[in-house]
>>> print(open('entry-v9.pdb').read())   # PDB, C-alpha atoms
ATOM      1  CA  MET A   1      96.198  74.238-109.000  1.00  0.00           C
ATOM      2  CA  HIS A   2      92.612  73.214-109.765  1.00  0.00           C
ATOM      3  CA  GLU A   3      89.612  73.870-107.587  1.00  0.00           C
ATOM      4  CA  TYR A   4      86.992  71.178-107.424  1.00  0.00           C
ATOM      5  CA  PRO A   5      83.409  71.558-106.290  1.00  0.00           C
ATOM      6  CA  THR A   6      82.371  70.136-102.950  1.00  0.00           C
ATOM      7  CA  ARG A   7      79.121  68.263-102.522  1.00  0.00           C
ATOM      8  CA  THR A   8      77.632  67.942 -99.082  1.00  0.00           C
ATOM      9  CA  SER A   9      74.550  65.929 -98.311  1.00  0.00           C
ATOM     10  CA  PRO A  10      72.104  67.104 -95.682  1.00  0.00           C
ATOM     11  CA  PRO A  11      71.971  65.095 -92.476  1.00  0.00           C
ATOM     12  CA  ALA A  12      69.973  61.914 -92.891  1.00  0.00           C
ATOM     13  CA  ARG A  13      68.301  62.526 -89.534  1.00  0.00           C
ATOM     14  CA  PRO A  14      68.443  65.584 -87.286  1.00  0.00           C
ATOM     15  CA  ALA A  15      70.132  63.591 -84.555  1.00  0.00           C
ATOM     16  CA  THR A  16      70.735  59.973 -83.768  1.00  0.00           C
ATOM     17  CA  ALA A  17      70.438  57.961 -80.599  1.00  0.00           C
ATOM     18  CA  THR A  18      73.867  59.171 -79.571  1.00  0.00           C
ATOM     19  CA  GLY A  19      72.935  62.768 -80.344  1.00  0.00           C
ATOM     20  CA  HIS A  20      75.371  63.064 -83.252  1.00  0.00           C
ATOM     21  CA  LEU A  21      74.418  64.543 -86.600  1.00  0.00           C
ATOM     22  CA  THR A  22      74.865  62.073 -89.417  1.00  0.00           C
ATOM     23  CA  GLY A  23      76.027  63.103 -92.845  1.00  0.00           C
ATOM     24  CA  ILE A  24      78.704  62.993 -95.474  1.00  0.00           C
ATOM     25  CA  ALA A  25      80.787  65.467 -97.392  1.00  0.00           C
ATOM     26  CA  CYS A  26      82.386  64.661-100.734  1.00  0.00           C
ATOM     27  CA  GLU A  27      85.195  66.487-102.436  1.00  0.00           C
ATOM     28  CA  LYS A  28      87.011  65.779-105.659  1.00  0.00           C
ATOM     29  CA  SER A  29      90.775  65.801-105.789  1.00  0.00           C
ATOM     30  CA  PRO A  30      93.211  65.189-108.640  1.00  0.00           C
ATOM     31  CA  ASP A  31      93.564  61.581-107.423  1.00  0.00           C
ATOM     32  CA  GLY A  32      89.874  60.721-107.066  1.00  0.00           C
ATOM     33  CA  VAL A  33      87.259  61.573-104.463  1.00  0.00           C
ATOM     34  CA  LEU A  34      87.295  61.918-100.675  1.00  0.00           C
ATOM     35  CA  ILE A  35      84.116  60.982 -98.797  1.00  0.00           C
ATOM     36  CA  ARG A  36      84.068  62.146 -95.169  1.00  0.00           C
ATOM     37  CA  LEU A  37      81.591  60.415 -92.844  1.00  0.00           C
ATOM     38  CA  ARG A  38      80.263  61.920 -89.622  1.00  0.00           C
ATOM     39  CA  GLY A  39      77.872  60.472 -87.059  1.00  0.00           C
ATOM     40  CA  ASP A  40      76.011  57.172 -86.825  1.00  0.00           C
ATOM     41  CA  PHE A  41      75.755  54.716 -89.712  1.00  0.00           C
ATOM     42  CA  ASP A  42      73.200  51.950 -89.562  1.00  0.00           C
ATOM     43  CA  VAL A  43      70.442  50.556 -91.778  1.00  0.00           C
ATOM     44  CA  HIS A  44      68.689  53.957 -91.767  1.00  0.00           C
ATOM     45  CA  THR A  45      71.660  56.073 -92.872  1.00  0.00           C
ATOM     46  CA  VAL A  46      74.032  53.801 -94.758  1.00  0.00           C
ATOM     47  CA  HIS A  47      72.361  54.736 -98.061  1.00  0.00           C
ATOM     48  CA  LEU A  48      74.297  58.019 -97.861  1.00  0.00           C
ATOM     49  CA  ILE A  49      77.508  56.093 -98.452  1.00  0.00           C
ATOM     50  CA  THR A  50      76.220  53.968-101.314  1.00  0.00           C
ATOM     51  CA  ASP A  51      74.646  57.028-102.953  1.00  0.00           C
ATOM     52  CA  ALA A  52      77.922  58.954-102.692  1.00  0.00           C
ATOM     53  CA  VAL A  53      80.010  56.103-104.101  1.00  0.00           C
ATOM     54  CA  HIS A  54      77.648  55.688-107.060  1.00  0.00           C
ATOM     55  CA  ALA A  55      77.480  59.455-107.688  1.00  0.00           C
ATOM     56  CA  TRP A  56      81.201  59.710-108.414  1.00  0.00           C
ATOM     57  CA  PRO A  57      82.640  57.927-111.461  1.00  0.00           C
ATOM     58  CA  GLU A  58      86.210  58.208-110.150  1.00  0.00           C
ATOM     59  CA  ASP A  59      88.200  55.027-109.829  1.00  0.00           C
ATOM     60  CA  ARG A  60      89.924  55.997-106.566  1.00  0.00           C
ATOM     61  CA  ILE A  61      87.851  56.675-103.460  1.00  0.00           C
ATOM     62  CA  VAL A  62      89.039  57.491 -99.948  1.00  0.00           C
ATOM     63  CA  ILE A  63      86.461  57.191 -97.171  1.00  0.00           C
ATOM     64  CA  ASP A  64      87.343  59.060 -93.983  1.00  0.00           C
ATOM     65  CA  LEU A  65      85.950  57.125 -91.010  1.00  0.00           C
ATOM     66  CA  SER A  66      87.582  59.170 -88.249  1.00  0.00           C
ATOM     67  CA  HIS A  67      84.349  60.941 -87.223  1.00  0.00           C
ATOM     68  CA  VAL A  68      82.008  57.947 -87.205  1.00  0.00           C
ATOM     69  CA  SER A  69      80.411  57.711 -83.771  1.00  0.00           C
ATOM     70  CA  PHE A  70      78.461  54.474 -84.336  1.00  0.00           C
ATOM     71  CA  ALA A  71      78.498  51.788 -87.024  1.00  0.00           C
ATOM     72  CA  ASP A  72      76.967  48.377 -87.409  1.00  0.00           C
ATOM     73  CA  SER A  73      77.172  45.678 -90.059  1.00  0.00           C
ATOM     74  CA  SER A  74      75.273  47.942 -92.479  1.00  0.00           C
ATOM     75  CA  LEU A  75      78.314  50.193 -92.739  1.00  0.00           C
ATOM     76  CA  LEU A  76      80.612  47.227 -93.190  1.00  0.00           C
ATOM     77  CA  HIS A  77      78.397  45.878 -95.971  1.00  0.00           C
ATOM     78  CA  ALA A  78      78.397  49.273 -97.736  1.00  0.00           C
ATOM     79  CA  LEU A  79      82.202  49.442 -97.526  1.00  0.00           C
ATOM     80  CA  LEU A  80      82.544  45.932 -98.934  1.00  0.00           C
ATOM     81  CA  ASP A  81      80.240  46.870-101.816  1.00  0.00           C
ATOM     82  CA  ALA A  82      82.168  50.108-102.439  1.00  0.00           C
ATOM     83  CA  ARG A  83      85.276  48.064-103.248  1.00  0.00           C
ATOM     84  CA  ILE A  84      83.590  46.715-106.378  1.00  0.00           C
ATOM     85  CA  GLY A  85      84.906  48.725-109.295  1.00  0.00           C
ATOM     86  CA  HIS A  86      86.917  51.147-107.158  1.00  0.00           C
ATOM     87  CA  HIS A  87      90.315  51.420-105.545  1.00  0.00           C
ATOM     88  CA  LEU A  88      89.020  52.039-102.034  1.00  0.00           C
ATOM     89  CA  THR A  89      91.088  53.349 -99.132  1.00  0.00           C
ATOM     90  CA  LEU A  90      89.752  53.801 -95.609  1.00  0.00           C
ATOM     91  CA  ALA A  91      91.206  56.708 -93.647  1.00  0.00           C
ATOM     92  CA  GLY A  92      91.416  57.008 -89.882  1.00  0.00           C
ATOM     93  CA  PRO A  93      92.259  57.104 -87.142  1.00  0.00           C
ATOM     94  CA  LEU A  94      89.510  54.580 -86.655  1.00  0.00           C
ATOM     95  CA  PRO A  95      87.153  54.932 -83.703  1.00  0.00           C
ATOM     96  CA  HIS A  96      87.500  52.005 -81.280  1.00  0.00           C
ATOM     97  CA  GLN A  97      84.159  50.466 -82.270  1.00  0.00           C
ATOM     98  CA  LEU A  98      85.086  50.396 -85.966  1.00  0.00           C
ATOM     99  CA  ASP A  99      88.481  48.974 -85.156  1.00  0.00           C
ATOM    100  CA  ARG A 100      86.745  46.125 -83.311  1.00  0.00           C
ATOM    101  CA  LEU A 101      84.162  45.656 -86.082  1.00  0.00           C
ATOM    102  CA  PHE A 102      86.927  44.957 -88.618  1.00  0.00           C
ATOM    103  CA  ASP A 103      88.670  42.593 -86.188  1.00  0.00           C
ATOM    104  CA  ILE A 104      85.578  40.660 -85.072  1.00  0.00           C
ATOM    105  CA  THR A 105      84.384  40.147 -88.649  1.00  0.00           C
ATOM    106  CA  ALA A 106      87.885  39.283 -89.910  1.00  0.00           C
ATOM    107  CA  THR A 107      87.490  41.815 -92.741  1.00  0.00           C
ATOM    108  CA  ARG A 108      90.444  44.090 -91.936  1.00  0.00           C
ATOM    109  CA  GLY A 109      92.584  42.361 -94.577  1.00  0.00           C
ATOM    110  CA  LEU A 110      90.041  43.180 -97.292  1.00  0.00           C
ATOM    111  CA  PHE A 111      90.703  46.916 -97.068  1.00  0.00           C
ATOM    112  CA  VAL A 112      93.569  49.344 -97.526  1.00  0.00           C
ATOM    113  CA  PHE A 113      93.930  51.679 -94.529  1.00  0.00           C
ATOM    114  CA  THR A 114      95.693  55.006 -94.203  1.00  0.00           C
ATOM    115  CA  PRO A 115      96.221  56.926 -90.952  1.00  0.00           C
ATOM    116  CA  GLY A 116      94.513  60.105 -92.192  1.00  0.00           C
ATOM    117  CA  ALA A 117      92.585  61.666 -95.040  1.00  0.00           C
ATOM    118  CA  GLN A 118      94.406  64.146 -97.231  1.00  0.00           C
TER     119      GLN A 118
END
>>> encode(input="entry-v9.pdb", output="structure tokens")
Amino acid sequence: MHEYPTRTSPPARPATATGHLTGIACEKSPDGVLIRLRGDFDVHTVHLITDAVHAWPEDRIVIDLSHVSFADSSLLHALLDARIGHHLTLAGPLPHQLDRLFDITATRGLFVFTPGAQ
């Protein structure tokens, strides 16, 4: 079994309006890379996602959204962009707000979802 290094970015802001720390953690696996999101993602923090996606050359990327406490269209735009050149899977369970965001924008069918990150 191989061990892969883990990269963790520092929080983008100490705390957000909801009081949640915002950040990401990335880990390589034999199948690609897993990017775990935590906290609020808006125009001020969404760059963490795009930076992480561009930092990993792997074809397969799983983004764990289960610990996102707030997201706006900035997050959705970053996820749509992340599909370009990658096999992207979104892992949940999805918070209610994200579930609604995909439904309201009619973008759910553009993504592959899995119930949990591995």
>>> residues_around(input="entry-v9.pdb", residues="His87 (chain A)", least_positions_apart="5", cutoff="8 Å", atoms="all atoms listed in the file", output="number ranges by chain")
A: 59-61
>>> atom_distance(input="entry-v9.pdb", atom1="CA of Ser73 (chain A)", atom2="CA of Trp56 (chain A)")
23.5 Å
>>> atom_distance(input="entry-v9.pdb", atom1="CA of Val46 (chain A)", atom2="CA of Ser74 (chain A)")
6.4 Å
>>> atom_distance(input="entry-v9.pdb", atom1="CA of Pro30 (chain A)", atom2="CA of Ala82 (chain A)")
19.7 Å
>>> closest_residue(input="entry-v9.pdb", among="A:Ala117, A:Leu98, A:Ala25, A:Val33", to="Asp72 (chain A)", atoms="all atoms listed in the file")
A:Leu98
>>> closest_residue(input="entry-v9.pdb", among="A:Thr107, A:Thr89, A:Gly116, A:Leu37", to="Ala52 (chain A)", atoms="all atoms listed in the file")
A:Leu37
>>> closest_residue(input="entry-v9.pdb", among="A:Lys28, A:Pro115, A:Thr50, A:Asp103", to="Asp81 (chain A)", atoms="all atoms listed in the file")
A:Thr50
>>> closest_residue(input="entry-v9.pdb", among="A:Leu21, A:Ile35, A:Leu101, A:Ala106", to="Asp64 (chain A)", atoms="all atoms listed in the file")
A:Ile35
>>> axis_aligned_box(input="entry-v9.pdb", around="region 36-54 of chain A", padding_each_side="6 Å", output="JSON")
{"center_x": 76.4, "center_y": 56.4, "center_z": -96.9, "size_x": 27.4, "size_y": 23.6, "size_z": 32.2}
>>> resolve_selection(input="entry-v9.pdb", expression="the PyMOL selection byres ((chain A and resi 79) around 9)", output="number ranges by chain")
A: 49-50, 63, 74-78, 80-83, 88, 90, 111
>>> resolve_selection(input="entry-v9.pdb", expression="the PyMOL selection byres ((chain A and resi 93) around 7)", output="ChimeraX atom specification")
/A:66,91-92,94-95,115-116
>>> closest_residue(input="entry-v9.pdb", among="A:Ile24, A:Ala71, A:Leu34, A:Ile84", to="Leu48 (chain A)", atoms="only C-alpha atoms")
A:Ile24
>>> closest_residue(input="entry-v9.pdb", among="A:Val53, A:Val68, A:Val43, A:Cys26", to="Asp99 (chain A)", atoms="only C-alpha atoms")
A:Val68
